[in-house]
Each structure stands twice: as structure tokens, then as C-alpha cells.
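Source file: final_15.csv (CSV, N, CA and C atoms and all ligand atoms)
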```
chain,number,residue,atom,x,y,z
O,1,MET,N,17.6,10.4,-22.8
O,1,MET,CA,16.8,11.7,-22.9
O,1,MET,C,17.2,12.5,-24.1
O,2,GLY,N,16.2,13.1,-24.7
O,2,GLY,CA,16.5,14.0,-25.8
O,2,GLY,C,17.1,15.3,-25.3
O,3,ALA,N,18.3,15.6,-25.7
O,3,ALA,CA,19.0,16.8,-25.1
O,3,ALA,C,18.3,18.1,-25.6
O,4,GLY,N,17.7,18.0,-26.8
O,4,GLY,CA,17.1,19.2,-27.3
O,4,GLY,C,15.8,19.6,-26.6
O,5,MET,N,15.2,18.7,-25.9
O,5,MET,CA,13.8,19.0,-25.4
O,5,MET,C,13.8,19.6,-24.0
O,6,VAL,N,14.8,19.3,-23.3
O,6,VAL,CA,14.7,19.7,-21.8
O,6,VAL,C,14.9,21.1,-21.6
O,7,ASP,N,15.5,21.9,-22.5
O,7,ASP,CA,15.8,23.3,-22.2
O,7,ASP,C,14.6,24.2,-22.5
O,8,ILE,N,13.6,23.7,-23.2
O,8,ILE,CA,12.5,24.5,-23.6
O,8,ILE,C,11.6,24.8,-22.4
O,9,PRO,N,11.3,26.0,-22.1
O,9,PRO,CA,10.5,26.3,-20.9
O,9,PRO,C,9.1,25.7,-20.9
O,10,LYS,N,8.7,25.3,-19.8
O,10,LYS,CA,7.3,24.8,-19.7
O,10,LYS,C,6.4,26.0,-19.6
O,11,ILE,N,5.4,26.1,-20.5
O,11,ILE,CA,4.7,27.4,-20.5
O,11,ILE,C,3.2,27.2,-20.3
O,12,ALA,N,2.7,26.0,-20.4
O,12,ALA,CA,1.2,25.9,-20.4
O,12,ALA,C,0.8,24.6,-19.9
O,13,CYS,N,-0.4,24.5,-19.4
O,13,CYS,CA,-1.0,23.3,-19.0
O,13,CYS,C,-2.2,23.0,-19.8
O,14,LEU,N,-2.1,21.9,-20.6
O,14,LEU,CA,-3.2,21.6,-21.5
O,14,LEU,C,-3.8,22.8,-22.2
O,15,GLY,N,-3.0,23.7,-22.6
O,15,GLY,CA,-3.5,24.9,-23.4
O,15,GLY,C,-4.2,25.9,-22.6
O,16,ILE,N,-4.2,25.7,-21.2
O,16,ILE,CA,-4.9,26.7,-20.4
O,16,ILE,C,-3.9,27.8,-20.0
O,17,PRO,N,-4.1,29.0,-20.5
O,17,PRO,CA,-3.1,30.1,-20.2
O,17,PRO,C,-2.8,30.2,-18.8
O,18,GLY,N,-1.5,30.2,-18.5
O,18,GLY,CA,-1.1,30.5,-17.1
O,18,GLY,C,-1.4,29.3,-16.1
O,19,GLY,N,-1.7,28.2,-16.7
O,19,GLY,CA,-2.3,27.2,-15.7
O,19,GLY,C,-1.5,25.9,-15.4
O,20,PRO,N,-0.6,25.9,-14.5
O,20,PRO,CA,-0.1,24.6,-14.1
O,20,PRO,C,-0.9,24.1,-12.9
O,21,ASP,N,-2.0,24.8,-12.6
O,21,ASP,CA,-2.8,24.3,-11.5
O,21,ASP,C,-3.8,23.2,-11.9
O,22,VAL,N,-4.0,22.3,-11.0
O,22,VAL,CA,-5.0,21.2,-11.3
O,22,VAL,C,-6.4,21.8,-11.0
O,23,ARG,N,-7.2,21.8,-12.1
O,23,ARG,CA,-8.5,22.4,-11.9
O,23,ARG,C,-9.6,21.3,-12.2
O,24,ALA,N,-10.6,21.3,-11.3
O,24,ALA,CA,-11.6,20.2,-11.4
O,24,ALA,C,-12.3,20.2,-12.7
O,25,GLN,N,-12.4,21.3,-13.4
O,25,GLN,CA,-13.2,21.4,-14.6
O,25,GLN,C,-12.3,21.0,-15.8
O,26,ASP,N,-11.0,20.6,-15.6
O,26,ASP,CA,-10.2,20.3,-16.7
O,26,ASP,C,-10.5,19.0,-17.4
O,27,SER,N,-11.1,18.1,-16.7
O,27,SER,CA,-11.5,16.8,-17.4
O,27,SER,C,-12.5,16.2,-16.5
O,28,PRO,N,-13.4,15.3,-17.1
O,28,PRO,CA,-14.4,14.6,-16.3
O,28,PRO,C,-13.7,13.8,-15.2
O,29,GLY,N,-12.5,13.2,-15.5
O,29,GLY,CA,-11.8,12.3,-14.6
O,29,GLY,C,-11.4,13.1,-13.3
O,30,THR,N,-10.9,14.4,-13.6
O,30,THR,CA,-10.5,15.2,-12.5
O,30,THR,C,-11.7,15.7,-11.7
O,31,ALA,N,-12.8,16.0,-12.3
O,31,ALA,CA,-14.0,16.4,-11.6
O,31,ALA,C,-14.5,15.2,-10.7
O,32,ARG,N,-14.4,14.0,-11.2
O,32,ARG,CA,-14.9,12.9,-10.5
O,32,ARG,C,-14.0,12.6,-9.3
O,33,SER,N,-12.7,12.6,-9.5
O,33,SER,CA,-11.8,12.1,-8.4
O,33,SER,C,-11.2,13.3,-7.6
O,34,GLY,N,-11.3,14.5,-8.1
O,34,GLY,CA,-10.8,15.6,-7.4
O,34,GLY,C,-9.3,15.7,-7.5
O,35,ALA,N,-8.7,15.0,-8.4
O,35,ALA,CA,-7.2,15.0,-8.6
O,35,ALA,C,-6.9,14.9,-10.1
O,36,CYS,N,-5.7,15.3,-10.5
O,36,CYS,CA,-5.3,15.2,-11.9
O,36,CYS,C,-5.3,13.7,-12.2
O,37,ILE,N,-5.9,13.3,-13.4
O,37,ILE,CA,-6.0,11.9,-13.7
O,37,ILE,C,-4.6,11.3,-14.1
O,38,TYR,N,-3.6,12.2,-14.4
O,38,TYR,CA,-2.3,11.7,-14.8
O,38,TYR,C,-1.3,11.6,-13.6
O,39,CYS,N,-1.2,12.7,-12.8
O,39,CYS,CA,-0.2,12.7,-11.8
O,39,CYS,C,-0.8,12.6,-10.4
O,40,ARG,N,-2.1,12.6,-10.3
O,40,ARG,CA,-2.8,12.4,-9.1
O,40,ARG,C,-2.7,13.5,-8.1
O,41,GLU,N,-2.2,14.7,-8.5
O,41,GLU,CA,-2.1,15.8,-7.7
O,41,GLU,C,-3.6,16.3,-7.4
O,42,PRO,N,-3.9,16.6,-6.2
O,42,PRO,CA,-5.3,17.1,-5.9
O,42,PRO,C,-5.6,18.4,-6.6
O,43,ALA,N,-6.9,18.6,-6.9
O,43,ALA,CA,-7.3,19.9,-7.5
O,43,ALA,C,-6.9,21.1,-6.6
O,44,GLY,N,-6.5,22.1,-7.2
O,44,GLY,CA,-6.0,23.3,-6.4
O,44,GLY,C,-4.5,23.2,-6.2
O,45,GLY,N,-3.8,22.1,-6.4
O,45,GLY,CA,-2.4,22.0,-6.3
O,45,GLY,C,-1.8,22.2,-7.7
O,46,HIS,N,-0.5,22.0,-7.7
O,46,HIS,CA,0.2,22.1,-9.0
O,46,HIS,C,0.6,20.7,-9.5
O,47,HIS,N,0.4,20.5,-10.9
O,47,HIS,CA,0.8,19.3,-11.5
O,47,HIS,C,2.3,19.0,-11.1
O,48,LYS,N,2.6,17.7,-10.9
O,48,LYS,CA,4.0,17.3,-10.7
O,48,LYS,C,4.8,17.6,-11.9
O,49,ALA,N,6.1,17.9,-11.7
O,49,ALA,CA,6.9,18.3,-12.8
O,49,ALA,C,6.9,17.4,-14.0
O,50,THR,N,6.7,16.1,-13.8
O,50,THR,CA,6.8,15.1,-14.9
O,50,THR,C,5.4,14.9,-15.5
O,51,CYS,N,4.4,15.6,-15.0
O,51,CYS,CA,3.0,15.4,-15.5
O,51,CYS,C,2.9,15.8,-16.9
O,52,VAL,N,2.1,15.0,-17.7
O,52,VAL,CA,1.9,15.4,-19.1
O,52,VAL,C,1.1,16.7,-19.3
O,53,CYS,N,0.5,17.2,-18.2
O,53,CYS,CA,-0.2,18.4,-18.3
O,53,CYS,C,0.7,19.6,-18.5
O,54,TRP,N,2.0,19.4,-18.1
O,54,TRP,CA,3.0,20.5,-18.5
O,54,TRP,C,3.3,20.3,-19.9
O,55,THR,N,2.9,21.3,-20.7
O,55,THR,CA,3.2,21.1,-22.1
O,55,THR,C,4.1,22.3,-22.6
O,56,HIS,N,4.7,22.1,-23.7
O,56,HIS,CA,5.5,23.2,-24.3
O,56,HIS,C,5.3,23.1,-25.8
O,57,PRO,N,5.6,24.2,-26.5
O,57,PRO,CA,5.4,24.1,-28.0
O,57,PRO,C,6.6,23.4,-28.7
O,58,VAL,N,6.2,22.5,-29.6
O,58,VAL,CA,7.3,21.8,-30.4
O,58,VAL,C,7.0,22.1,-31.8
O,59,ARG,N,8.0,22.6,-32.5
O,59,ARG,CA,7.8,22.9,-33.9
O,59,ARG,C,7.9,21.6,-34.7
O,60,VAL,N,6.9,21.4,-35.6
O,60,VAL,CA,6.9,20.2,-36.3
O,60,VAL,C,6.8,20.5,-37.8
O,61,GLY,N,7.7,20.0,-38.6
O,61,GLY,CA,7.7,20.2,-40.0
O,61,GLY,C,6.9,19.1,-40.7
O,62,ILE,N,6.1,19.6,-41.7
O,62,ILE,CA,5.2,18.6,-42.4
O,62,ILE,C,5.8,18.5,-43.8
O,63,TYR,N,6.2,17.2,-44.1
O,63,TYR,CA,6.8,16.9,-45.4
O,63,TYR,C,5.9,16.1,-46.3
O,64,VAL,N,5.9,16.5,-47.5
O,64,VAL,CA,5.2,15.7,-48.6
O,64,VAL,C,6.3,15.3,-49.6
O,65,GLU,N,6.4,14.0,-49.8
O,65,GLU,CA,7.4,13.5,-50.7
O,65,GLU,C,8.8,14.1,-50.5
O,66,GLY,N,9.1,14.2,-49.2
O,66,GLY,CA,10.5,14.7,-48.9
O,66,GLY,C,10.7,16.2,-48.9
O,67,GLU,N,9.6,16.9,-49.2
O,67,GLU,CA,9.8,18.4,-49.2
O,67,GLU,C,8.9,19.0,-48.1
O,68,MET,N,9.5,19.9,-47.3
O,68,MET,CA,8.8,20.5,-46.2
O,68,MET,C,7.8,21.5,-46.8
O,69,VAL,N,6.5,21.3,-46.5
O,69,VAL,CA,5.5,22.2,-47.1
O,69,VAL,C,4.9,23.2,-46.0
O,70,ALA,N,5.1,22.9,-44.8
O,70,ALA,CA,4.6,23.7,-43.7
O,70,ALA,C,5.2,23.4,-42.4
O,71,VAL,N,5.2,24.3,-41.5
O,71,VAL,CA,5.6,24.1,-40.1
O,71,VAL,C,4.5,24.5,-39.2
O,72,TYR,N,4.2,23.7,-38.2
O,72,TYR,CA,3.2,24.1,-37.2
O,72,TYR,C,3.7,23.8,-35.8
O,73,THR,N,3.0,24.4,-34.8
O,73,THR,CA,3.4,24.3,-33.4
O,73,THR,C,2.4,23.3,-32.7
O,74,HIS,N,3.0,22.3,-32.2
O,74,HIS,CA,2.2,21.3,-31.5
O,74,HIS,C,2.6,21.3,-30.1
O,75,HIS,N,1.6,21.4,-29.2
O,75,HIS,CA,1.8,21.4,-27.8
O,75,HIS,C,1.9,20.0,-27.3
O,76,LEU,N,3.0,19.6,-26.7
O,76,LEU,CA,3.2,18.3,-26.3
O,76,LEU,C,3.8,18.3,-24.9
O,77,PRO,N,3.7,17.2,-24.1
O,77,PRO,CA,4.2,17.2,-22.8
O,77,PRO,C,5.7,17.5,-22.7
O,78,ALA,N,6.0,18.4,-21.8
O,78,ALA,CA,7.4,18.9,-21.7
O,78,ALA,C,8.4,17.9,-21.3
O,79,SER,N,7.9,16.8,-20.6
O,79,SER,CA,8.8,15.8,-20.1
O,79,SER,C,9.1,14.8,-21.2
O,80,TRP,N,8.5,14.9,-22.3
O,80,TRP,CA,8.8,13.9,-23.4
O,80,TRP,C,10.2,14.2,-24.0
O,81,ASP,N,10.9,13.1,-24.3
O,81,ASP,CA,12.2,13.3,-25.0
O,81,ASP,C,11.9,13.1,-26.5
O,82,ALA,N,12.9,13.3,-27.3
O,82,ALA,CA,12.8,13.3,-28.7
O,82,ALA,C,12.1,12.0,-29.2
O,83,GLU,N,12.5,10.9,-28.6
O,83,GLU,CA,11.9,9.6,-29.0
O,83,GLU,C,10.4,9.5,-28.7
O,84,ALA,N,10.0,10.1,-27.6
O,84,ALA,CA,8.6,10.1,-27.3
O,84,ALA,C,7.8,11.0,-28.2
O,85,VAL,N,8.4,12.1,-28.6
O,85,VAL,CA,7.8,13.0,-29.6
O,85,VAL,C,7.6,12.2,-31.0
O,86,ARG,N,8.7,11.6,-31.4
O,86,ARG,CA,8.7,10.8,-32.6
O,86,ARG,C,7.6,9.8,-32.6
O,87,PHE,N,7.5,9.0,-31.5
O,87,PHE,CA,6.5,8.0,-31.4
O,87,PHE,C,5.1,8.5,-31.5
O,88,LYS,N,4.9,9.6,-30.8
O,88,LYS,CA,3.5,10.3,-30.9
O,88,LYS,C,3.2,10.6,-32.3
O,89,LEU,N,4.1,11.2,-33.0
O,89,LEU,CA,3.8,11.7,-34.4
O,89,LEU,C,3.8,10.6,-35.4
O,90,GLU,N,4.5,9.5,-35.2
O,90,GLU,CA,4.7,8.5,-36.2
O,90,GLU,C,4.0,7.2,-36.0
O,91,GLU,N,3.8,6.8,-34.7
O,91,GLU,CA,3.4,5.5,-34.4
O,91,GLU,C,2.2,5.4,-33.5
O,92,SER,N,1.9,6.4,-32.8
O,92,SER,CA,0.7,6.4,-31.8
O,92,SER,C,-0.6,6.4,-32.6
O,93,SER,N,-1.7,6.4,-31.8
O,93,SER,CA,-3.0,6.5,-32.4
O,93,SER,C,-3.4,7.9,-32.9
O,94,TRP,N,-2.6,8.9,-32.6
O,94,TRP,CA,-2.8,10.2,-33.1
O,94,TRP,C,-2.8,10.2,-34.6
O,95,CYS,N,-3.9,10.8,-35.2
O,95,CYS,CA,-4.0,10.7,-36.7
O,95,CYS,C,-3.5,12.1,-37.2
O,96,ALA,N,-2.6,12.0,-38.2
O,96,ALA,CA,-2.1,13.2,-38.9
O,96,ALA,C,-3.3,13.9,-39.6
O,97,GLY,N,-4.4,13.3,-39.7
O,97,GLY,CA,-5.6,14.0,-40.3
O,97,GLY,C,-6.0,15.1,-39.4
O,98,ASN,N,-5.6,15.2,-38.2
O,98,ASN,CA,-5.9,16.3,-37.3
O,98,ASN,C,-5.3,17.6,-37.9
O,99,LEU,N,-4.3,17.5,-38.8
O,99,LEU,CA,-3.7,18.6,-39.4
O,99,LEU,C,-4.7,19.4,-40.2
O,100,TRP,N,-5.7,18.8,-40.7
O,100,TRP,CA,-6.7,19.5,-41.5
O,100,TRP,C,-7.3,20.7,-40.7
O,101,ASP,N,-7.3,20.6,-39.3
O,101,ASP,CA,-7.8,21.6,-38.5
O,101,ASP,C,-6.9,22.8,-38.3
O,102,VAL,N,-5.6,22.7,-38.8
O,102,VAL,CA,-4.7,23.7,-38.7
O,102,VAL,C,-4.7,24.5,-40.1
O,103,GLU,N,-5.3,25.6,-40.1
O,103,GLU,CA,-5.6,26.3,-41.3
O,103,GLU,C,-4.5,26.5,-42.3
O,104,HIS,N,-3.3,27.0,-41.8
O,104,HIS,CA,-2.2,27.2,-42.8
O,104,HIS,C,-1.6,25.9,-43.3
O,105,VAL,N,-1.7,24.9,-42.5
O,105,VAL,CA,-1.2,23.6,-42.9
O,105,VAL,C,-2.2,23.0,-43.9
O,106,ALA,N,-3.5,23.1,-43.6
O,106,ALA,CA,-4.5,22.5,-44.6
O,106,ALA,C,-4.3,23.2,-45.9
O,107,ALA,N,-4.1,24.5,-45.9
O,107,ALA,CA,-4.0,25.2,-47.2
O,107,ALA,C,-2.7,24.7,-48.0
O,108,ALA,N,-1.6,24.5,-47.2
O,108,ALA,CA,-0.4,24.1,-47.9
O,108,ALA,C,-0.6,22.7,-48.5
O,109,LEU,N,-1.3,21.8,-47.7
O,109,LEU,CA,-1.5,20.5,-48.2
O,109,LEU,C,-2.5,20.4,-49.4
O,110,ARG,N,-3.5,21.3,-49.4
O,110,ARG,CA,-4.4,21.3,-50.5
O,110,ARG,C,-3.7,21.8,-51.8
O,111,GLU,N,-2.8,22.8,-51.5
O,111,GLU,CA,-2.0,23.3,-52.6
O,111,GLU,C,-1.1,22.2,-53.3
O,112,ARG,N,-0.7,21.2,-52.5
O,112,ARG,CA,0.1,20.1,-53.0
O,112,ARG,C,-0.8,19.0,-53.5
O,113,GLY,N,-2.1,19.2,-53.5
O,113,GLY,CA,-3.0,18.1,-54.0
O,113,GLY,C,-3.2,17.0,-53.1
O,114,VAL,N,-2.8,17.2,-51.8
O,114,VAL,CA,-3.0,16.1,-50.8
O,114,VAL,C,-4.4,16.1,-50.4
O,115,GLU,N,-5.0,14.9,-50.3
O,115,GLU,CA,-6.4,14.7,-49.9
O,115,GLU,C,-6.6,13.5,-49.0
O,116,GLY,N,-7.8,13.4,-48.5
O,116,GLY,CA,-8.1,12.2,-47.6
O,116,GLY,C,-8.2,12.6,-46.2
O,117,ASP,N,-9.0,11.9,-45.4
O,117,ASP,CA,-9.2,12.2,-44.0
O,117,ASP,C,-8.0,11.9,-43.2
O,118,CYS,N,-7.5,10.7,-43.4
O,118,CYS,CA,-6.3,10.3,-42.7
O,118,CYS,C,-5.0,10.6,-43.5
O,119,LEU,N,-4.1,11.4,-42.9
O,119,LEU,CA,-2.9,11.8,-43.6
O,119,LEU,C,-1.7,11.0,-43.2
O,120,CYS,N,-1.9,9.9,-42.4
O,120,CYS,CA,-0.8,9.2,-41.8
O,120,CYS,C,0.2,8.7,-42.8
O,121,GLY,N,-0.3,8.2,-43.9
O,121,GLY,CA,0.6,7.7,-44.9
O,121,GLY,C,1.1,8.8,-45.9
O,122,ALA,N,0.4,9.9,-45.9
O,122,ALA,CA,0.6,10.9,-47.0
O,122,ALA,C,1.6,11.9,-46.6
O,123,VAL,N,1.8,12.2,-45.3
O,123,VAL,CA,2.8,13.2,-44.9
O,123,VAL,C,3.8,12.6,-43.9
O,124,ASP,N,4.9,13.2,-43.8
O,124,ASP,CA,5.9,12.8,-42.8
O,124,ASP,C,6.0,14.0,-41.8
O,125,LEU,N,6.0,13.7,-40.5
O,125,LEU,CA,6.1,14.8,-39.5
O,125,LEU,C,7.4,14.7,-38.8
O,126,ILE,N,8.2,15.7,-38.8
O,126,ILE,CA,9.5,15.7,-38.2
O,126,ILE,C,9.6,16.9,-37.2
O,127,ALA,N,9.8,16.6,-36.0
O,127,ALA,CA,9.9,17.6,-35.0
O,127,ALA,C,11.2,18.4,-35.2
O,128,GLN,N,11.1,19.7,-35.2
O,128,GLN,CA,12.3,20.5,-35.4
O,128,GLN,C,12.8,20.8,-34.0
O,129,MET,N,13.8,20.1,-33.6
O,129,MET,CA,14.3,20.2,-32.3
O,129,MET,C,15.1,21.4,-32.1
O,130,GLY,N,14.5,22.6,-32.0
O,130,GLY,CA,15.2,23.8,-32.0
O,130,GLY,C,16.1,23.9,-30.9
O,131,GLY,N,17.3,24.4,-31.1
O,131,GLY,CA,18.3,24.6,-30.1
O,131,GLY,C,19.2,23.4,-29.8
O,132,SER,N,18.7,22.3,-30.3
O,132,SER,CA,19.6,21.1,-30.0
O,132,SER,C,20.7,21.0,-31.0
O,133,THR,N,21.8,20.4,-30.6
O,133,THR,CA,22.9,20.3,-31.5
O,133,THR,C,23.4,18.8,-31.5
O,201,ZN,ZN,-1.1,16.4,-13.4
O,202,ZN,ZN,-4.3,8.7,-39.7
```
As C-alpha cells, the full file:
Amino acid sequence: MGAGMVDIPKIACLGIPGGPDVRAQDSPGTARSGACIYCREPAGGHHKATCVCWTHPVRVGIYVEGEMVAVYTHHLPASWDAEAVRFKLEESSWCAGNLWDVEHVAAALRERGVEGDCLCGAVDLIAQMGGST
């Protein structure tokens, strides 16, 4: 387990303010089955503690050619350890091109002359494991 990750408080469920509750409208799968599609908790209940719907903010540094050009906050499952975060950012199907939607990051990248829809080869993303030693 990543020691740095576990102390960060769980603050949100899929970006829904105040919401650790399973809500039918949260996803088509939940609406269909009446339960969280990840932890199977019924609508109206609370997601299990290990459910990916419990997220917390992880600060991620964006590096271009070894130099950090921006930091942004990515909401990721609170149960993930450092390795899971690294996998998501570096090896999963998540595309770094999503960063173009983060205004201050996009501005910093344009300033550096970075272009292209997919940024996966152009930037390095390193989670700033705040508080860990
Ligand atoms: Zn759940
Ligand atoms: Zn990509």
C-alpha cells in the first residue's frame, strides 16, 4: 500500500458534493440495477469503503522535458495506492489529452509549444504524494 495515500480524507463521490450515497441517477448501470455498479451497494445506501466512488483529490505535476510546467488536481479513488495512481496516469487507457480541458494546464502547455490531441508521449504526469515521507 502507498503510505502517502491513505491519510488523505475521502471527500467526494464521483464529484458529487457531499455524496457518498448511491444514487440511481449516477450512472445508467445504477439506474438499471438499482445498485452501485462497482460495489453493488443498493441505491440509497452508502458506497462501501473500498468503492472507487469514494474519491479524493490527488495533486499531479505535469512535466515537459523534465520540467514541471503545471500542477492540477485529479479526483481519483481514495482506495488506490501510489502504484494504482501511477498506473492510471502512465499506463491505463486514460489519455493525457484530457488535460486540454483543464484551462490553466492547457495554457501552460501551449506556452511551452506542446500540441496534439493525445499528450501521452508529450508530458510526464507525476502524482505529488503530499504528506508522504
Ligand atoms: Zn459504490
Ligand atoms: Zn493519449
Considering all atoms listed in the file, tabulate each residue of chain O that lies at most 6.5 Å from ligand ZN 201 (chain O) along with its nearest interatomic pair and the corresponding distance in Å to one decimal; arrange the rows by chain and ascending residue number and present them as a tab-separated table.
```
residue	atom	partner	partner_atom	distance
O:Cys36	CA	O:ZN201	ZN	4.6
O:Ile37	N	O:ZN201	ZN	5.7
O:Tyr38	C	O:ZN201	ZN	4.8
O:Cys39	N	O:ZN201	ZN	3.7
O:Arg40	N	O:ZN201	ZN	5.0
O:Glu41	N	O:ZN201	ZN	5.3
O:His46	C	O:ZN201	ZN	6.0
O:His47	CA	O:ZN201	ZN	4.0
O:Lys48	N	O:ZN201	ZN	4.7
O:Cys51	CA	O:ZN201	ZN	4.7
O:Val52	N	O:ZN201	ZN	5.5
O:Cys53	N	O:ZN201	ZN	5.1
O:Trp54	N	O:ZN201	ZN	6.4
```
What residues in chain O get the DSSP label helix (DSSP H, G or I)? Please answer as a PyMOL selection string. chain O and resi 24-26+28-33+82-90+96-101+103-111
Any chance you can output those residues with N, CA and C atoms as an mmCIF file, in the frame of the given file?
```
data_model
loop_
_atom_site.group_PDB
_atom_site.id
_atom_site.type_symbol
_atom_site.label_atom_id
_atom_site.label_comp_id
_atom_site.auth_asym_id
_atom_site.auth_seq_id
_atom_site.Cartn_x
_atom_site.Cartn_y
_atom_site.Cartn_z
ATOM 1 N N ALA O 24 -10.600 21.300 -11.300
ATOM 2 C CA ALA O 24 -11.600 20.200 -11.400
ATOM 3 C C ALA O 24 -12.300 20.200 -12.700
ATOM 4 N N GLN O 25 -12.400 21.300 -13.400
ATOM 5 C CA GLN O 25 -13.200 21.400 -14.600
ATOM 6 C C GLN O 25 -12.300 21.000 -15.800
ATOM 7 N N ASP O 26 -11.000 20.600 -15.600
ATOM 8 C CA ASP O 26 -10.200 20.300 -16.700
ATOM 9 C C ASP O 26 -10.500 19.000 -17.400
ATOM 10 N N PRO O 28 -13.400 15.300 -17.100
ATOM 11 C CA PRO O 28 -14.400 14.600 -16.300
ATOM 12 C C PRO O 28 -13.700 13.800 -15.200
ATOM 13 N N GLY O 29 -12.500 13.200 -15.500
ATOM 14 C CA GLY O 29 -11.800 12.300 -14.600
ATOM 15 C C GLY O 29 -11.400 13.100 -13.300
ATOM 16 N N THR O 30 -10.900 14.400 -13.600
ATOM 17 C CA THR O 30 -10.500 15.200 -12.500
ATOM 18 C C THR O 30 -11.700 15.700 -11.700
ATOM 19 N N ALA O 31 -12.800 16.000 -12.300
ATOM 20 C CA ALA O 31 -14.000 16.400 -11.600
ATOM 21 C C ALA O 31 -14.500 15.200 -10.700
ATOM 22 N N ARG O 32 -14.400 14.000 -11.200
ATOM 23 C CA ARG O 32 -14.900 12.900 -10.500
ATOM 24 C C ARG O 32 -14.000 12.600 -9.300
ATOM 25 N N SER O 33 -12.700 12.600 -9.500
ATOM 26 C CA SER O 33 -11.800 12.100 -8.400
ATOM 27 C C SER O 33 -11.200 13.300 -7.600
ATOM 28 N N ALA O 82 12.900 13.300 -27.300
ATOM 29 C CA ALA O 82 12.800 13.300 -28.700
ATOM 30 C C ALA O 82 12.100 12.000 -29.200
ATOM 31 N N GLU O 83 12.500 10.900 -28.600
ATOM 32 C CA GLU O 83 11.900 9.600 -29.000
ATOM 33 C C GLU O 83 10.400 9.500 -28.700
ATOM 34 N N ALA O 84 10.000 10.100 -27.600
ATOM 35 C CA ALA O 84 8.600 10.100 -27.300
ATOM 36 C C ALA O 84 7.800 11.000 -28.200
ATOM 37 N N VAL O 85 8.400 12.100 -28.600
ATOM 38 C CA VAL O 85 7.800 13.000 -29.600
ATOM 39 C C VAL O 85 7.600 12.200 -31.000
ATOM 40 N N ARG O 86 8.700 11.600 -31.400
ATOM 41 C CA ARG O 86 8.700 10.800 -32.600
ATOM 42 C C ARG O 86 7.600 9.800 -32.600
ATOM 43 N N PHE O 87 7.500 9.000 -31.500
ATOM 44 C CA PHE O 87 6.500 8.000 -31.400
ATOM 45 C C PHE O 87 5.100 8.500 -31.500
ATOM 46 N N LYS O 88 4.900 9.600 -30.800
ATOM 47 C CA LYS O 88 3.500 10.300 -30.900
ATOM 48 C C LYS O 88 3.200 10.600 -32.300
ATOM 49 N N LEU O 89 4.100 11.200 -33.000
ATOM 50 C CA LEU O 89 3.800 11.700 -34.400
ATOM 51 C C LEU O 89 3.800 10.600 -35.400
ATOM 52 N N GLU O 90 4.500 9.500 -35.200
ATOM 53 C CA GLU O 90 4.700 8.500 -36.200
ATOM 54 C C GLU O 90 4.000 7.200 -36.000
ATOM 55 N N ALA O 96 -2.600 12.000 -38.200
ATOM 56 C CA ALA O 96 -2.100 13.200 -38.900
ATOM 57 C C ALA O 96 -3.300 13.900 -39.600
ATOM 58 N N GLY O 97 -4.400 13.300 -39.700
ATOM 59 C CA GLY O 97 -5.600 14.000 -40.300
ATOM 60 C C GLY O 97 -6.000 15.100 -39.400
ATOM 61 N N ASN O 98 -5.600 15.200 -38.200
ATOM 62 C CA ASN O 98 -5.900 16.300 -37.300
ATOM 63 C C ASN O 98 -5.300 17.600 -37.900
ATOM 64 N N LEU O 99 -4.300 17.500 -38.800
ATOM 65 C CA LEU O 99 -3.700 18.600 -39.400
ATOM 66 C C LEU O 99 -4.700 19.400 -40.200
ATOM 67 N N TRP O 100 -5.700 18.800 -40.700
ATOM 68 C CA TRP O 100 -6.700 19.500 -41.500
ATOM 69 C C TRP O 100 -7.300 20.700 -40.700
ATOM 70 N N ASP O 101 -7.300 20.600 -39.300
ATOM 71 C CA ASP O 101 -7.800 21.600 -38.500
ATOM 72 C C ASP O 101 -6.900 22.800 -38.300
ATOM 73 N N GLU O 103 -5.300 25.600 -40.100
ATOM 74 C CA GLU O 103 -5.600 26.300 -41.300
ATOM 75 C C GLU O 103 -4.500 26.500 -42.300
ATOM 76 N N HIS O 104 -3.300 27.000 -41.800
ATOM 77 C CA HIS O 104 -2.200 27.200 -42.800
ATOM 78 C C HIS O 104 -1.600 25.900 -43.300
ATOM 79 N N VAL O 105 -1.700 24.900 -42.500
ATOM 80 C CA VAL O 105 -1.200 23.600 -42.900
ATOM 81 C C VAL O 105 -2.200 23.000 -43.900
ATOM 82 N N ALA O 106 -3.500 23.100 -43.600
ATOM 83 C CA ALA O 106 -4.500 22.500 -44.600
ATOM 84 C C ALA O 106 -4.300 23.200 -45.900
ATOM 85 N N ALA O 107 -4.100 24.500 -45.900
ATOM 86 C CA ALA O 107 -4.000 25.200 -47.200
ATOM 87 C C ALA O 107 -2.700 24.700 -48.000
ATOM 88 N N ALA O 108 -1.600 24.500 -47.200
ATOM 89 C CA ALA O 108 -0.400 24.100 -47.900
ATOM 90 C C ALA O 108 -0.600 22.700 -48.500
ATOM 91 N N LEU O 109 -1.300 21.800 -47.700
ATOM 92 C CA LEU O 109 -1.500 20.500 -48.200
ATOM 93 C C LEU O 109 -2.500 20.400 -49.400
ATOM 94 N N ARG O 110 -3.500 21.300 -49.400
ATOM 95 C CA ARG O 110 -4.400 21.300 -50.500
ATOM 96 C C ARG O 110 -3.700 21.800 -51.800
ATOM 97 N N GLU O 111 -2.800 22.800 -51.500
ATOM 98 C CA GLU O 111 -2.000 23.300 -52.600
ATOM 99 C C GLU O 111 -1.100 22.200 -53.300
#
```
Could you list, as a list in words, all residues that come within 5 Å of ligand ZN 202 (chain O)? Count all atoms listed in the file. Cys95, Ala96, Gly97, Cys118, Leu119 and Cys120 of chain O
Å distance separating atom C of Pro42 (chain O) from CA of Pro28 (chain O), one decimal place: 13.6 Å
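CA of Asp101 (chain O) to CA of His74 (chain O) spans 12.2 Å [interatomic distance, one decimal].
Atom pair CA of Val102 (chain O) / CA of Val69 (chain O): separated by 13.3 Å.
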Selected residue of minimal separation from Ser79 (chain O) among O:Ala127, O:Ala49, O:Val105, O:Val60, counting all atoms listed in the file: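 Nearest candidate to Ser79 (chain O) out of O:Ala127, O:Ala49, O:Val105, O:Val60: O:Ala49.
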Select, from O:Arg23, O:Leu89, O:Thr50, O:Leu99, the residue with the minimum atom-to-atom distance to Val114 (chain O), counting only C-alpha atoms.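 Result for the nearest residue to Val114 (chain O): O:Leu99.
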Would you return as a VMD selection string the members of chain O that DSSP assigns to strand (DSSP E or B) on this structure's backbone? chain O and resid 12 to 13 16 21 35 42 46 54 to 64 67 to 77 124 to 127
Counting all atoms listed in the file, the residue of O:Ala31, O:Ala43, O:Leu125, O:Val22 that sits nearest Arg86 (chain O):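 Among the listed residues, the smallest separation from Arg86 (chain O) belongs to O:Leu125.
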Measuring between only C-alpha atoms, which one of O:Ala78, O:Gly29, O:Glu90, O:Asp117 shows the shortest distance to Ile62 (chain O)?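 Using only C-alpha atoms, Ile62 (chain O) sits closest to O:Glu90.
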Hey, which of O:Leu76, O:Pro20, O:Glu67, O:Glu111 ends up closest to Gly44 (chain O)? Count only N, CA and C atoms.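 Ranked by minimum distance to Gly44 (chain O), first place goes to O:Pro20.
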